[in-house]
Structures are given as C-alpha cells and as structure tokens.
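Trainee: Just so it is clear, I am handing over query-v3.cif, which has mmCIF, C-alpha atoms.
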```cif
data_work
#
loop_
_atom_site.label_atom_id
_atom_site.label_comp_id
_atom_site.auth_asym_id
_atom_site.auth_seq_id
_atom_site.Cartn_x
_atom_site.Cartn_y
_atom_site.Cartn_z
CA MET A 1 55.49 -317.32 283.94
CA ASP A 2 58.13 -318.52 286.37
CA ARG A 3 61.01 -316.59 287.96
CA GLN A 4 63.44 -317.55 285.22
CA GLU A 5 61.12 -316.33 282.49
CA PHE A 6 60.49 -313.11 284.41
CA GLU A 7 64.23 -312.45 284.77
CA ALA A 8 64.76 -313.14 281.07
CA LEU A 9 62.10 -310.56 280.23
CA ARG A 10 63.35 -308.07 282.81
CA ASP A 11 66.95 -308.32 281.57
CA LEU A 12 66.08 -308.44 277.86
CA PRO A 13 67.68 -305.48 276.11
CA GLY A 14 65.86 -303.41 273.53
CA LYS A 15 62.49 -303.08 275.27
CA THR A 16 60.76 -299.87 274.17
CA ILE A 17 57.79 -297.67 274.93
CA GLU A 18 56.63 -295.35 272.17
CA GLY A 19 54.93 -292.01 272.75
CA ASP A 20 54.08 -289.88 275.75
CA ILE A 21 52.69 -291.27 278.98
CA ARG A 22 50.21 -288.97 280.70
CA PHE A 23 48.80 -289.21 284.20
CA GLU A 24 45.19 -288.13 283.76
CA PRO A 25 42.18 -287.70 286.03
CA ASN A 26 39.43 -290.33 285.98
CA SER A 27 35.91 -289.88 287.28
CA SER A 28 36.18 -293.16 289.22
CA THR A 29 39.54 -292.77 290.99
CA GLY A 30 38.89 -289.77 293.25
CA ARG A 31 41.66 -287.17 292.94
CA ASN A 32 44.18 -289.78 291.80
CA LEU A 33 45.62 -289.59 288.28
CA ILE A 34 46.12 -292.72 286.20
CA PHE A 35 47.33 -294.09 282.91
CA GLY A 36 46.95 -297.61 281.59
CA ASP A 37 47.59 -300.20 278.87
CA VAL A 38 50.84 -298.64 277.62
CA PRO A 39 52.50 -301.32 275.46
CA VAL A 40 56.08 -302.31 276.27
CA ARG A 41 57.48 -303.75 273.05
CA ASN A 42 59.95 -306.59 273.43
CA ASP A 43 61.68 -309.17 271.26
CA LEU A 44 60.08 -312.05 273.18
CA ASN A 45 56.66 -310.82 271.92
CA VAL A 46 55.23 -310.97 275.42
CA ASP A 47 51.97 -308.96 275.66
CA LEU A 48 53.42 -306.62 278.31
CA VAL A 49 51.69 -303.38 279.29
CA LEU A 50 52.24 -300.71 281.90
CA ASN A 51 49.78 -298.84 284.12
CA GLY A 52 50.44 -296.18 286.72
CA THR A 53 48.79 -294.17 289.47
CA PHE A 54 49.81 -290.83 290.95
CA LYS A 55 48.12 -289.74 294.20
CA PRO A 56 48.90 -286.04 294.61
CA ASP A 57 47.30 -285.73 298.07
CA LEU A 58 49.91 -288.03 299.67
CA PRO A 59 51.97 -287.87 297.36
CA SER A 60 52.48 -291.42 296.08
CA VAL A 61 53.23 -293.03 292.72
CA THR A 62 52.94 -296.60 291.44
CA TYR A 63 54.22 -298.11 288.19
CA ASN A 64 52.89 -301.58 287.45
CA PHE A 65 53.88 -304.00 284.65
CA VAL A 66 51.26 -306.52 283.56
CA VAL A 67 51.35 -309.47 281.19
CA ARG A 68 47.85 -309.45 279.74
CA GLY A 69 45.91 -312.59 280.53
CA LEU A 70 48.40 -313.47 283.30
CA GLY A 71 48.51 -310.53 285.73
CA PRO A 72 51.05 -308.13 287.22
CA ILE A 73 54.69 -309.24 287.18
CA CYS A 74 56.49 -306.20 288.61
CA ARG A 75 55.39 -303.10 290.51
CA VAL A 76 57.18 -300.16 292.08
CA CYS A 77 55.35 -298.25 294.83
CA VAL A 78 56.65 -295.03 296.35
CA ASN A 79 54.96 -293.86 299.57
CA GLY A 80 52.14 -296.35 298.94
CA THR A 81 50.35 -298.75 301.25
CA LYS A 82 52.60 -300.45 303.82
CA HIS A 83 53.76 -303.88 302.84
CA GLY A 84 55.04 -305.58 305.95
CA ALA A 85 58.72 -305.03 306.60
CA ALA A 86 59.15 -303.55 303.11
CA GLY A 87 57.39 -300.40 304.26
CA ARG A 88 55.66 -297.86 302.02
CA THR A 89 58.34 -297.60 299.32
CA HIS A 90 59.07 -300.96 297.81
CA LYS A 91 59.21 -303.12 294.71
CA HIS A 92 57.12 -306.21 294.02
CA ASP A 93 58.56 -308.87 291.76
CA LEU A 94 57.28 -312.16 290.39
CA LEU A 95 58.91 -314.89 292.50
CA ARG A 96 56.80 -317.91 291.46
CA ASP A 97 54.07 -318.61 288.95
CA THR A 98 51.23 -317.95 291.40
CA CYS A 99 52.38 -314.39 292.10
CA PRO A 100 50.51 -312.57 289.29
CA ARG A 101 47.16 -314.03 290.33
CA GLN A 102 47.81 -312.90 293.92
CA ASN A 103 48.81 -309.38 292.88
CA LEU A 104 52.48 -309.95 293.79
CA ARG A 105 52.33 -310.58 297.53
CA GLY A 106 56.09 -310.35 298.03
CA ALA A 107 57.89 -306.99 298.17
CA ALA A 108 61.36 -305.69 298.98
CA ALA A 109 62.09 -302.25 300.41
CA ARG A 110 63.52 -299.63 298.06
CA PRO A 111 64.77 -296.80 300.27
CA ASP A 112 66.66 -295.37 297.28
CA LEU A 113 63.31 -294.32 295.79
CA GLU A 114 61.96 -292.57 298.88
CA GLY A 115 61.15 -288.92 298.33
CA LEU A 116 61.70 -289.05 294.57
CA ASN A 117 59.16 -287.43 292.25
CA PRO A 118 57.27 -289.54 289.66
CA THR A 119 59.65 -288.59 286.86
CA ASP A 120 62.78 -289.55 288.78
CA VAL A 121 61.19 -292.85 289.82
CA TRP A 122 60.34 -293.49 286.18
CA GLU A 123 63.89 -292.79 285.03
CA THR A 124 65.20 -295.26 287.63
CA ILE A 125 62.78 -297.96 286.47
CA LEU A 126 63.76 -297.47 282.82
CA LYS A 127 67.42 -297.95 283.71
CA ASP A 128 66.83 -300.96 285.98
CA ALA A 129 64.53 -302.71 283.47
CA ASN A 130 66.41 -301.99 280.23
CA ILE A 131 63.56 -299.99 278.73
CA THR A 132 63.88 -297.06 276.33
CA HIS A 133 61.02 -294.59 276.46
CA ALA A 134 60.72 -292.68 273.19
CA GLY A 135 58.47 -289.98 274.60
CA ASN A 136 57.81 -287.96 277.75
CA LEU A 137 56.22 -288.77 281.08
CA ILE A 138 53.67 -286.02 281.71
CA VAL A 139 52.65 -285.38 285.30
CA PRO A 140 50.25 -282.46 285.87
CA PRO A 141 51.62 -279.89 288.32
CA MET B 142 39.57 -278.06 314.19
CA GLU B 143 42.35 -279.44 312.00
CA CYS B 144 43.32 -283.08 311.72
CA SER B 145 46.68 -282.40 313.32
CA GLU B 146 44.91 -281.32 316.50
CA ILE B 147 43.25 -284.70 316.97
CA ARG B 148 46.13 -286.83 315.80
CA ASP B 149 47.19 -287.79 319.33
CA ALA B 150 43.64 -288.84 320.18
CA VAL B 151 43.39 -290.93 317.00
CA ARG B 152 46.76 -292.59 317.64
CA ALA B 153 45.46 -293.90 320.95
CA PHE B 154 42.87 -296.14 319.28
CA SER B 155 43.93 -299.79 319.19
CA LEU B 156 43.03 -300.13 315.49
CA VAL B 157 45.59 -297.48 314.58
CA GLN B 158 48.96 -299.11 313.95
CA ASP B 159 50.56 -295.95 312.64
CA CYS B 160 49.43 -292.41 311.92
CA ASP B 161 51.11 -289.68 309.93
CA THR B 162 50.06 -286.52 308.11
CA VAL B 163 50.08 -286.49 304.31
CA ALA B 164 50.57 -283.59 301.92
CA SER B 165 46.88 -282.65 301.82
CA GLY B 166 46.76 -282.32 305.64
CA ALA B 167 44.75 -285.50 306.15
CA LEU B 168 45.81 -288.07 308.73
CA ARG B 169 46.92 -291.34 307.17
CA ILE B 170 46.01 -294.22 309.46
CA ALA B 171 47.62 -297.60 308.88
CA THR B 172 45.14 -300.23 310.08
CA PRO B 173 45.81 -303.89 310.95
CA PHE B 174 43.55 -304.95 308.08
CA GLU B 175 45.12 -306.18 304.86
CA TYR B 176 44.21 -306.17 301.20
CA PRO B 177 44.37 -309.60 299.50
CA ASP B 178 47.92 -308.86 298.34
CA GLY B 179 49.14 -308.42 301.93
CA SER B 180 49.44 -304.63 301.98
CA GLN B 181 47.86 -302.80 304.90
CA VAL B 182 44.63 -300.92 304.40
CA ASP B 183 45.17 -297.21 304.94
CA VAL B 184 42.26 -294.99 305.86
CA PHE B 185 42.51 -291.22 305.90
CA LEU B 186 40.84 -288.81 308.29
CA ARG B 187 40.25 -285.42 306.79
CA SER B 188 38.34 -282.33 307.77
CA VAL B 189 35.27 -281.50 305.69
CA ASN B 190 34.03 -278.58 307.75
CA ASN B 191 36.38 -276.84 310.19
CA LEU B 192 33.62 -274.64 311.58
CA PHE B 193 31.48 -277.54 312.74
CA ASN B 194 34.32 -280.00 313.44
CA GLN B 195 33.08 -282.40 310.80
CA PHE B 196 35.44 -285.01 309.45
CA GLU B 197 35.29 -288.02 307.21
CA LEU B 198 37.22 -291.23 306.91
CA THR B 199 38.13 -292.14 303.34
CA ASP B 200 40.34 -294.60 301.50
CA MET B 201 41.20 -291.83 298.99
CA ALA B 202 40.34 -294.26 296.18
CA GLN B 203 43.30 -296.51 297.05
CA THR B 204 41.09 -299.60 296.81
CA THR B 205 39.92 -298.71 293.31
CA THR B 206 43.41 -297.85 292.08
CA ASN B 207 44.92 -301.00 293.66
CA LEU B 208 42.53 -303.05 291.55
CA LEU B 209 43.82 -301.31 288.41
CA ASP B 210 47.11 -303.14 289.01
CA LEU B 211 45.18 -306.32 288.24
CA GLN B 212 43.45 -304.64 285.29
CA VAL B 213 40.16 -304.72 287.15
CA LYS B 214 38.26 -301.49 286.55
CA VAL B 215 35.57 -301.31 289.20
CA TRP B 216 33.48 -298.91 287.13
CA ALA B 217 33.67 -300.74 283.82
CA THR B 218 30.81 -303.24 284.04
CA LYS B 219 27.28 -303.05 285.42
CA LYS B 220 27.89 -306.20 287.43
CA ARG B 221 30.93 -304.77 289.23
CA LYS B 222 29.18 -301.46 289.89
CA GLN B 223 26.25 -303.34 291.41
CA ILE B 224 28.53 -305.44 293.62
CA VAL B 225 30.30 -302.32 294.91
CA SER B 226 26.99 -300.57 295.50
CA ASP B 227 25.68 -303.57 297.47
CA ILE B 228 28.83 -303.73 299.61
CA CYS B 229 28.70 -300.01 300.42
CA GLU B 230 25.01 -300.12 301.25
CA ALA B 231 25.47 -303.08 303.61
CA LEU B 232 28.25 -301.27 305.51
CA SER B 233 26.76 -297.76 305.36
CA VAL B 234 29.79 -296.55 303.43
CA GLN B 235 29.50 -293.86 300.77
CA ASN B 236 31.02 -294.27 297.30
CA ARG B 237 32.02 -290.93 295.82
CA ALA B 238 33.79 -291.08 292.47
CA GLY B 239 35.64 -294.23 293.47
CA GLU B 240 36.47 -293.05 297.00
CA PHE B 241 34.87 -294.91 299.88
CA CYS B 242 33.92 -292.58 302.73
CA VAL B 243 32.36 -292.61 306.18
CA PRO B 244 31.27 -289.30 307.77
CA ILE B 245 32.58 -288.67 311.30
CA ASN B 246 30.76 -286.22 313.56
CA HIS B 247 32.55 -287.08 316.79
CA ILE B 248 35.97 -288.55 317.48
CA ALA B 249 34.33 -291.46 319.34
CA GLU B 250 32.93 -292.60 315.96
CA VAL B 251 36.39 -293.11 314.49
CA PRO B 252 36.99 -296.76 315.54
CA ASP B 253 33.64 -297.96 314.22
CA GLY B 254 34.21 -295.94 311.05
CA ILE B 255 37.63 -297.52 310.55
CA VAL B 256 36.18 -301.03 310.86
CA ARG B 257 33.31 -300.37 308.44
CA LEU B 258 35.49 -298.58 305.91
CA ALA B 259 38.25 -301.20 306.04
CA GLN B 260 35.68 -303.96 305.61
CA ALA B 261 34.33 -302.20 302.52
CA CYS B 262 37.85 -301.82 301.12
CA ILE B 263 38.63 -305.50 301.64
CA ARG B 264 35.35 -306.72 300.23
CA VAL B 265 35.60 -304.51 297.15
CA SER B 266 39.21 -305.59 296.61
CA ASP B 267 37.96 -309.19 296.42
CA LEU B 268 36.90 -308.17 292.91
CA MET B 269 40.50 -309.09 292.12
CA TYR B 270 39.20 -312.63 291.79
CA THR B 271 37.32 -311.46 288.68
CA GLN B 272 40.58 -310.38 287.07
CA ARG B 273 40.89 -311.04 283.38
CA LEU B 274 42.78 -314.22 282.81
CA LEU B 275 42.54 -315.91 279.43
CA THR B 276 38.94 -317.15 279.77
CA PRO B 277 35.75 -316.74 277.73
CA VAL B 278 34.39 -314.52 280.50
CA ALA B 279 37.50 -312.34 280.12
CA LEU B 280 36.64 -311.48 276.49
CA ARG B 281 33.04 -310.67 277.45
CA ASP B 282 34.35 -308.38 280.20
CA ASP B 283 36.74 -306.74 277.72
CA VAL B 284 33.88 -306.15 275.28
CA GLU B 285 31.68 -304.72 278.02
CA GLU B 286 34.46 -302.34 279.06
CA PHE B 287 34.78 -301.27 275.43
CA LEU B 288 31.01 -300.66 275.09
CA ASN B 289 31.01 -298.71 278.33
CA ALA B 290 34.03 -296.59 277.38
CA ALA B 291 32.57 -295.85 273.94
CA GLU B 292 29.29 -294.85 275.67
CA PHE B 293 27.11 -297.27 273.73
CA ASN B 294 23.65 -297.94 275.09
CA TYR B 295 23.74 -301.68 275.75
CA GLU B 296 22.27 -304.52 277.79
CA PRO B 297 24.28 -307.62 278.75
CA SER B 298 22.94 -311.21 278.60
CA ILE B 299 19.73 -310.84 276.62
CA GLU B 300 17.38 -313.74 275.83
CA ILE B 301 15.25 -313.68 272.69
CA PRO B 302 12.41 -316.13 271.97
CA GLY B 303 13.71 -318.44 269.23
CA PRO B 304 11.82 -319.79 266.23
CA TYR B 305 11.84 -323.38 267.52
CA GLY B 306 10.50 -322.86 271.04
CA ASN B 307 13.86 -322.38 272.84
CA PRO B 308 15.16 -318.97 273.92
CA VAL B 309 18.36 -317.74 272.27
CA SER B 310 20.81 -315.87 274.49
CA VAL B 311 23.28 -313.27 273.26
CA ASP B 312 26.13 -311.63 275.15
CA PHE B 313 25.06 -308.06 274.44
CA GLY B 314 22.27 -306.10 272.80
CA VAL B 315 23.49 -302.70 271.62
CA PHE B 316 21.06 -299.92 270.76
CA GLY B 317 22.59 -297.86 267.96
CA PRO B 318 21.44 -294.54 266.50
CA ILE B 319 20.07 -296.25 263.36
CA ARG B 320 20.27 -300.00 263.92
CA ASN B 321 20.29 -302.23 266.93
CA SER B 322 22.83 -305.04 267.16
CA PHE B 323 23.39 -308.33 268.93
CA ILE B 324 26.89 -309.40 269.90
CA LEU B 325 28.20 -312.91 270.57
CA THR B 326 31.78 -313.47 271.75
CA ILE B 327 34.08 -316.43 271.20
CA GLY B 328 36.63 -316.03 273.96
CA THR B 329 37.99 -319.49 274.51
CA ALA B 330 41.79 -319.91 274.60
CA ASN B 331 41.38 -323.68 274.16
CA SER B 332 41.73 -324.86 270.57
CA ALA B 333 39.73 -328.03 271.32
CA SER B 334 36.67 -326.08 272.37
CA ALA B 335 36.91 -323.27 269.81
CA HIS B 336 35.20 -325.22 267.01
CA PRO B 337 32.17 -326.32 269.10
CA VAL B 338 31.82 -322.79 270.47
CA ALA B 339 31.91 -321.35 266.92
CA ASN B 340 29.27 -323.88 265.87
CA GLU B 341 27.05 -322.83 268.77
CA VAL B 342 27.40 -319.18 267.75
CA PHE B 343 26.51 -320.07 264.14
CA LYS B 344 23.40 -321.92 265.39
CA LYS B 345 22.30 -318.88 267.40
CA TRP B 346 22.68 -316.50 264.47
CA TYR B 347 20.80 -318.95 262.22
CA ASP B 348 17.90 -319.06 264.70
CA LEU B 349 17.89 -315.31 265.25
CA SER B 350 17.92 -314.62 261.49
CA LYS B 351 14.33 -315.93 261.47
CA VAL B 352 13.00 -313.75 264.31
CA ALA B 353 15.23 -310.67 264.45
CA LYS B 354 15.73 -309.71 260.83
CA ASP B 355 16.12 -306.01 261.63
CA ARG B 356 19.11 -306.56 263.93
CA GLN B 357 22.76 -306.51 263.04
CA PHE B 358 24.61 -309.66 264.14
CA ILE B 359 28.22 -309.24 265.28
CA SER B 360 30.60 -312.09 266.17
CA LEU B 361 33.74 -311.19 268.13
CA TYR B 362 36.66 -313.58 268.60
CA ASP B 363 39.71 -312.94 270.78
CA SER B 364 42.60 -311.54 268.74
CA ARG B 365 45.05 -312.68 271.43
CA ASN B 366 44.32 -316.40 270.85
CA ASP B 367 44.91 -318.05 267.52
CA VAL B 368 42.53 -321.00 268.09
CA LEU B 369 39.67 -320.44 265.64
CA ARG B 370 39.76 -322.40 262.39
CA ASN B 371 39.62 -320.38 259.16
CA GLU B 372 36.53 -322.28 258.02
CA ASP B 373 34.75 -321.39 261.28
CA VAL B 374 35.48 -317.71 260.72
CA ALA B 375 34.28 -317.98 257.12
CA ARG B 376 31.10 -319.85 258.13
CA LEU B 377 30.29 -317.23 260.76
CA GLY B 378 30.85 -314.59 258.08
CA ASP B 379 27.85 -315.99 256.18
CA VAL B 380 25.50 -315.16 259.04
CA SER B 381 27.15 -312.25 260.87
CA GLN B 382 29.84 -309.61 260.74
CA VAL B 383 32.99 -311.14 262.22
CA PHE B 384 35.70 -309.11 263.93
CA SER B 385 38.86 -309.90 265.82
CA PHE B 386 38.71 -308.11 269.21
CA PRO B 387 40.40 -305.96 270.45
CA GLU B 388 42.49 -305.78 267.27
CA GLN B 389 39.56 -304.54 265.17
CA GLN B 390 37.81 -302.49 267.83
CA ASP B 391 37.68 -299.44 265.56
CA GLU B 392 35.74 -301.44 262.96
CA VAL B 393 33.45 -302.75 265.70
CA ARG B 394 32.81 -299.21 266.88
CA ARG B 395 31.90 -298.12 263.36
CA ALA B 396 29.60 -301.11 262.84
CA LEU B 397 27.75 -300.48 266.10
CA ALA B 398 27.43 -296.77 265.39
CA ALA B 399 25.94 -297.33 261.93
#
```
Could you spell out this file's structure in structure tokens?
Mentor:
Amino acid sequence: MDRQEFEALRDLPGKTIEGDIRFEPNSSTGRNLIFGDVPVRNDLNVDLVLNGTFKPDLPSVTYNFVVRGLGPICRVCVNGTKHGAAGRTHKHDLLRDTCPRQNLRGAAARPDLEGLNPTDVWETILKDANITHAGNLIVPP
Amino acid sequence: MECSEIRDAVRAFSLVQDCDTVASGALRIATPFEYPDGSQVDVFLRSVNNLFNQFELTDMAQTTTNLLDLQVKVWATKKRKQIVSDICEALSVQNRAGEFCVPINHIAEVPDGIVRLAQACIRVSDLMYTQRLLTPVALRDDVEEFLNAAEFNYEPSIEIPGPYGNPVSVDFGVFGPIRNSFILTIGTANSASAHPVANEVFKKWYDLSKVAKDRQFISLYDSRNDVLRNEDVARLGDVSQVFSFPEQQDEVRRALAA
C-alpha cells in the first residue's frame, strides 16, 4: 500500500465498525487492557482491523489500524513511548510502502490529544478517519 | 521509601534521558535505547516493598503490547514463548505475565538493571520480524494461535513413519477427547505454487491413510487467498476434511473436538 492508497482509504466515507469494543485484561499483557481484530468495514473491501491497548498505570492509550497480511497503517498513541521530536502523544501514518513492515517509524506530534481519556481520543479518531461506530467503547473504570 | 524520594538520584544516571512519575507512582525512565520502530524504550522503577526498600525495574508489558500493533502475540505459539524464555534467561530478566522485570535491592543496581531490561525489551521486540505477512508460515502461525486460544492439546511439526520408508511430516497433531487429528495447511498466496502444494498435501494424506487409519485428517487452506483450484479442493476432500481458515474456524473447532 502506498501513500495514495492509504489516503484513499483514510478519506473513504462510509467506513463502519459494528458492535461494542471492550478493553479487557489479558494474562500476558501485565495490567494493560487490550482489544484486537475489530473489523473496519469499507467499500474498498480492504481487510482492515483495529486493535487497542489501555495502560491504566500511566495512563496511556493506543489505537492501531492494521491491514491484515500487510501490517499497521495508522496508529494514535496518547502518553505512550517517546517517538523522537513527536513526543509521547503522536500519530503514526503510512508514508511509503515499507512503513507497515517497520511498524510505522514516522510519527507527528498530536498535542490536541494530550490529557484526553480513551473515549475522547476514540471520538476524535472516528471523526478524523470518517468511521461510524455502531456500538460503544467500553473502558473499565 | 517511595519512588519519588529517589527520583533525583535516578535522574543523575547517564542512561536516564528523562524521568517522570506516572499515575501508579512508579518512575517512568526514558532510556536512550530504541525499539525497532524508533520509539524509546521506557523502563519503570516501582516499589515492591516499602519496608525493606525493595524496588523493581519493569517495562510494564510495553514490549508485549507494542508487538500487538504488528499482530504478533508473544504468548500465542510455543516457539515464541521459548524464544522469550531464552532471552530472559540469558539476561537474568524475569517474565511475569508479559511484563519483563529486574529486581533492584540497591540504587547502585539501577544502571545495570536498565541495560539488561532494555536489552531484553529490544531482543523480544525483534519478534516483529516474525509478523504475519501473506506467507505459508503465516497461516501455520494463525492456526497455532487458534489451537492455543481454543485450548486444544497439540504438538507442532510431527513426523510419522510412512509406508514407503520416508517419514511424513504434518503441521500439527491435535489430541482430541475422542479422536486425534493431523492438520496440514496450504497457506501460499501464490497461485502458481498452490497446485503443487495441494498435490503434496494429497500425497501425505494418501501415505498416512495406510499407517494412521485411526486419525482424522484435516486440510486447511487460507480463506484470504483465492488461489486454490476447485479440483484441488475436491481431490483433497477425498482423503481429508477440507476447511477454509479462518472463515470456517467454528467448523474446524467442532471437527477437532469430536
């Protein structure tokens, strides 16, 4: 997937996610809560799925879009690991076709997301990416 | 002693690029080491016993969760679990439920602990190079994750003595409550190689039908690639149960549980 194809997918209207998304504990991720393989339906029929991680001890949240068989194409990290000048709250995007294999090395700072809770970050992503979520995002207290 | 009381001492170490306190009270230490994607490895110093001033350095499972962004589940296959165990043993790092930890009994141990823990994080994150691209190995990994998640008792890569002197290898042997099964996967995304691979699978089932009559034979092809000819699927159906995976994973589960 190149940058043009990524932008076409990102800007494509009518993308939908059906059902609730729940952050849940996993015996292999410490105290962090995760969800994975949530399908993002789209008219281009790209096999696009979403996974996320919430780290309550920091707190930090990550939402990551993956094209199955290709790799991640977009990821939002709030209060995550530092990524050079982009800091701890940033967005990774696919810039060239090697990016998914390298886990999206490039990132741009997103100060507008700093301090937001997982639900508010999610609402921002839905608006930016033209996605309708027919369900609820469930984050344990 | 709380972490906040030793923060100034920790900040003075040259390996500490930045240090702040997170919600849980632990110190978050940004190190100069980087994950393969260019993000800095954080290690966290937290108190485990205030009375005896015992601390531990931990990555708070950030390494494991970072790999999830590449759809690599560290816990999902025996091979990956063994690799992680070997890495931790070599560096004297503990693995607790996906968190990598190093006990700290004295503040002077912190720099060495940071180096060992960061090394473990980087080496484990190199599992990203086993990420599932569209390859035959990817389907086998997907099937193993499925078997693991469904809590089937299985063994990968089994060899059975064949009827003509050569051993026959299968991708998985699954030990069911009533019947045992062998699984072979056809994961190629290349239409040119799909037919020869299907023929090889047919040959294996033919051979095994003479020496393993009590086993159930299951052929799995990748539902994400439309490369298998209809006649190959039909031919395999004469010697095995054929399923499209992961599309028909419920049927596979029922067959294995029979």
Trainee: Which residues, named as in the file, does the PyMOL selection byres ((chain B) within 10 of (chain A)) pick out? Answer as a count of residues only.
Mentor: 51
Trainee: To test your reading of the syntax: which residues would the PyMOL selection byres ((chain A and resi 14) around 9) return for the file shown? Reply as a PyMOL selection string.
Mentor: chain A and resi 12-13+15-16+41-43+130-132
Trainee: Under the PyMOL selection byres ((chain B and resi 242) around 6), which residues of this model are included? Write them out as a CSV table (one decimal) with C-alpha atoms, in the coordinates of the input.
Mentor:
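Dumped to out.csv:
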```
chain,number,residue,atom,x,y,z
B,198,LEU,CA,37.2,-291.2,306.9
B,199,THR,CA,38.1,-292.1,303.3
B,234,VAL,CA,29.8,-296.6,303.4
B,235,GLN,CA,29.5,-293.9,300.8
B,241,PHE,CA,34.9,-294.9,299.9
B,243,VAL,CA,32.4,-292.6,306.2
```
Trainee: At what distance in Å, to one decimal, does atom CA of B:His247 lie from atom CA of B:Ser155?
Mentor: 17.2 Å
Trainee: Between A:Val38, A:Leu94, A:Leu116, A:Ile21, which is the closest to A:Pro140 once you count all atoms listed in the file?
Mentor: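 Going through A:Val38, A:Leu94, A:Leu116, A:Ile21 one by one, the smallest distance to A:Pro140 is for A:Ile21.
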Trainee: For a test of reading the model, state the distance in Å between atom CA of B:Val251 and atom CA of B:Leu186, rounded to one decimal.
Mentor: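 Between these atoms lies a distance of 8.8 Å.
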Trainee: Give me, as number ranges by chain, all polymer residues having an atom no more than 10 Å from A:Thr119, counting only C-alpha atoms and skipping those fewer than 3 positions away in the same chain.
Mentor: A: 61, 116, 122-125, 136-139
Trainee: Would you please work out which residue, of B:Asn246, B:Gln357, B:Ser322, B:Gln260, is nearest to B:Cys229 when using all atoms listed in the file?
Mentor: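 That would be B:Gln260, the residue with the smallest distance to B:Cys229.
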Trainee: So how many Å separate atom CA of B:Leu280 and atom CA of B:Asp363, to one decimal?
Mentor: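 Rounded to one decimal, the two atoms are 6.6 Å apart.
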Trainee: Write out as number ranges by chain each polymer residue whose atoms come within 9 Å of B:Leu156, counting only C-alpha atoms; drop sequence neighbours fewer than 4 positions from it.
Mentor: B: 152, 170-174, 252, 255-256
Trainee: I'd like the contact shell of B:Val265 - 8 Å cut-off, only C-alpha atoms, skipping same-chain residues fewer than 2 positions apart - returned as number ranges by chain.
Mentor: B: 204, 224-225, 228, 261-263, 267-268
Trainee: Could you please fill out stretch 96-102 of chain A with all heavy atoms and send it back as an mmCIF file, keeping the file's coordinate frame?
Mentor:
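Contents of part.cif, freshly written:
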```
data_model
loop_
_atom_site.group_PDB
_atom_site.id
_atom_site.type_symbol
_atom_site.label_atom_id
_atom_site.label_comp_id
_atom_site.auth_asym_id
_atom_site.auth_seq_id
_atom_site.Cartn_x
_atom_site.Cartn_y
_atom_site.Cartn_z
ATOM 1 N N ARG A 96 57.263 -316.581 291.912
ATOM 2 C CA ARG A 96 56.800 -317.910 291.460
ATOM 3 C C ARG A 96 55.564 -317.707 290.604
ATOM 4 O O ARG A 96 55.007 -316.607 290.552
ATOM 5 C CB ARG A 96 56.519 -318.830 292.634
ATOM 6 C CG ARG A 96 55.551 -318.317 293.659
ATOM 7 C CD ARG A 96 55.557 -319.197 294.913
ATOM 8 N NE ARG A 96 56.782 -319.072 295.667
ATOM 9 C CZ ARG A 96 57.045 -318.083 296.527
ATOM 10 N NH1 ARG A 96 56.168 -317.143 296.741
ATOM 11 N NH2 ARG A 96 58.201 -318.058 297.180
ATOM 12 N N ASP A 97 55.120 -318.797 289.962
ATOM 13 C CA ASP A 97 54.070 -318.610 288.950
ATOM 14 C C ASP A 97 52.702 -318.237 289.512
ATOM 15 O O ASP A 97 51.812 -317.837 288.775
ATOM 16 C CB ASP A 97 53.969 -319.846 288.042
ATOM 17 C CG ASP A 97 53.709 -321.120 288.821
ATOM 18 O OD1 ASP A 97 53.512 -321.034 290.044
ATOM 19 O OD2 ASP A 97 53.727 -322.206 288.204
ATOM 20 N N THR A 98 52.518 -318.355 290.818
ATOM 21 C CA THR A 98 51.230 -317.950 291.400
ATOM 22 C C THR A 98 51.185 -316.460 291.726
ATOM 23 O O THR A 98 50.122 -315.917 292.042
ATOM 24 C CB THR A 98 50.960 -318.731 292.702
ATOM 25 O OG1 THR A 98 52.105 -318.586 293.551
ATOM 26 C CG2 THR A 98 50.705 -320.204 292.409
ATOM 27 N N CYS A 99 52.325 -315.791 291.667
ATOM 28 C CA CYS A 99 52.380 -314.390 292.100
ATOM 29 C C CYS A 99 51.456 -313.438 291.327
ATOM 30 O O CYS A 99 50.797 -312.601 291.942
ATOM 31 C CB CYS A 99 53.819 -313.873 292.027
ATOM 32 S SG CYS A 99 54.901 -314.551 293.311
ATOM 33 N N PRO A 100 51.370 -313.531 290.001
ATOM 34 C CA PRO A 100 50.510 -312.570 289.290
ATOM 35 C C PRO A 100 49.042 -312.649 289.726
ATOM 36 O O PRO A 100 48.379 -311.636 289.893
ATOM 37 C CB PRO A 100 50.658 -312.990 287.819
ATOM 38 C CG PRO A 100 52.002 -313.636 287.740
ATOM 39 C CD PRO A 100 52.141 -314.363 289.047
ATOM 40 N N ARG A 101 48.562 -313.860 289.944
ATOM 41 C CA ARG A 101 47.160 -314.030 290.330
ATOM 42 C C ARG A 101 46.913 -313.439 291.712
ATOM 43 O O ARG A 101 45.801 -313.036 292.034
ATOM 44 C CB ARG A 101 46.815 -315.525 290.320
ATOM 45 C CG ARG A 101 45.361 -315.829 290.072
ATOM 46 C CD ARG A 101 45.101 -317.308 289.882
ATOM 47 N NE ARG A 101 45.499 -318.100 291.014
ATOM 48 C CZ ARG A 101 46.426 -319.053 290.980
ATOM 49 N NH1 ARG A 101 47.078 -319.328 289.868
ATOM 50 N NH2 ARG A 101 46.735 -319.752 292.051
ATOM 51 N N GLN A 102 47.956 -313.409 292.565
ATOM 52 C CA GLN A 102 47.810 -312.900 293.920
ATOM 53 C C GLN A 102 48.266 -311.448 294.051
ATOM 54 O O GLN A 102 48.456 -310.950 295.153
ATOM 55 C CB GLN A 102 48.610 -313.786 294.886
ATOM 56 C CG GLN A 102 48.066 -315.193 294.947
ATOM 57 C CD GLN A 102 48.984 -316.141 295.693
ATOM 58 O OE1 GLN A 102 50.126 -315.801 295.991
ATOM 59 N NE2 GLN A 102 48.503 -317.333 295.982
#
```
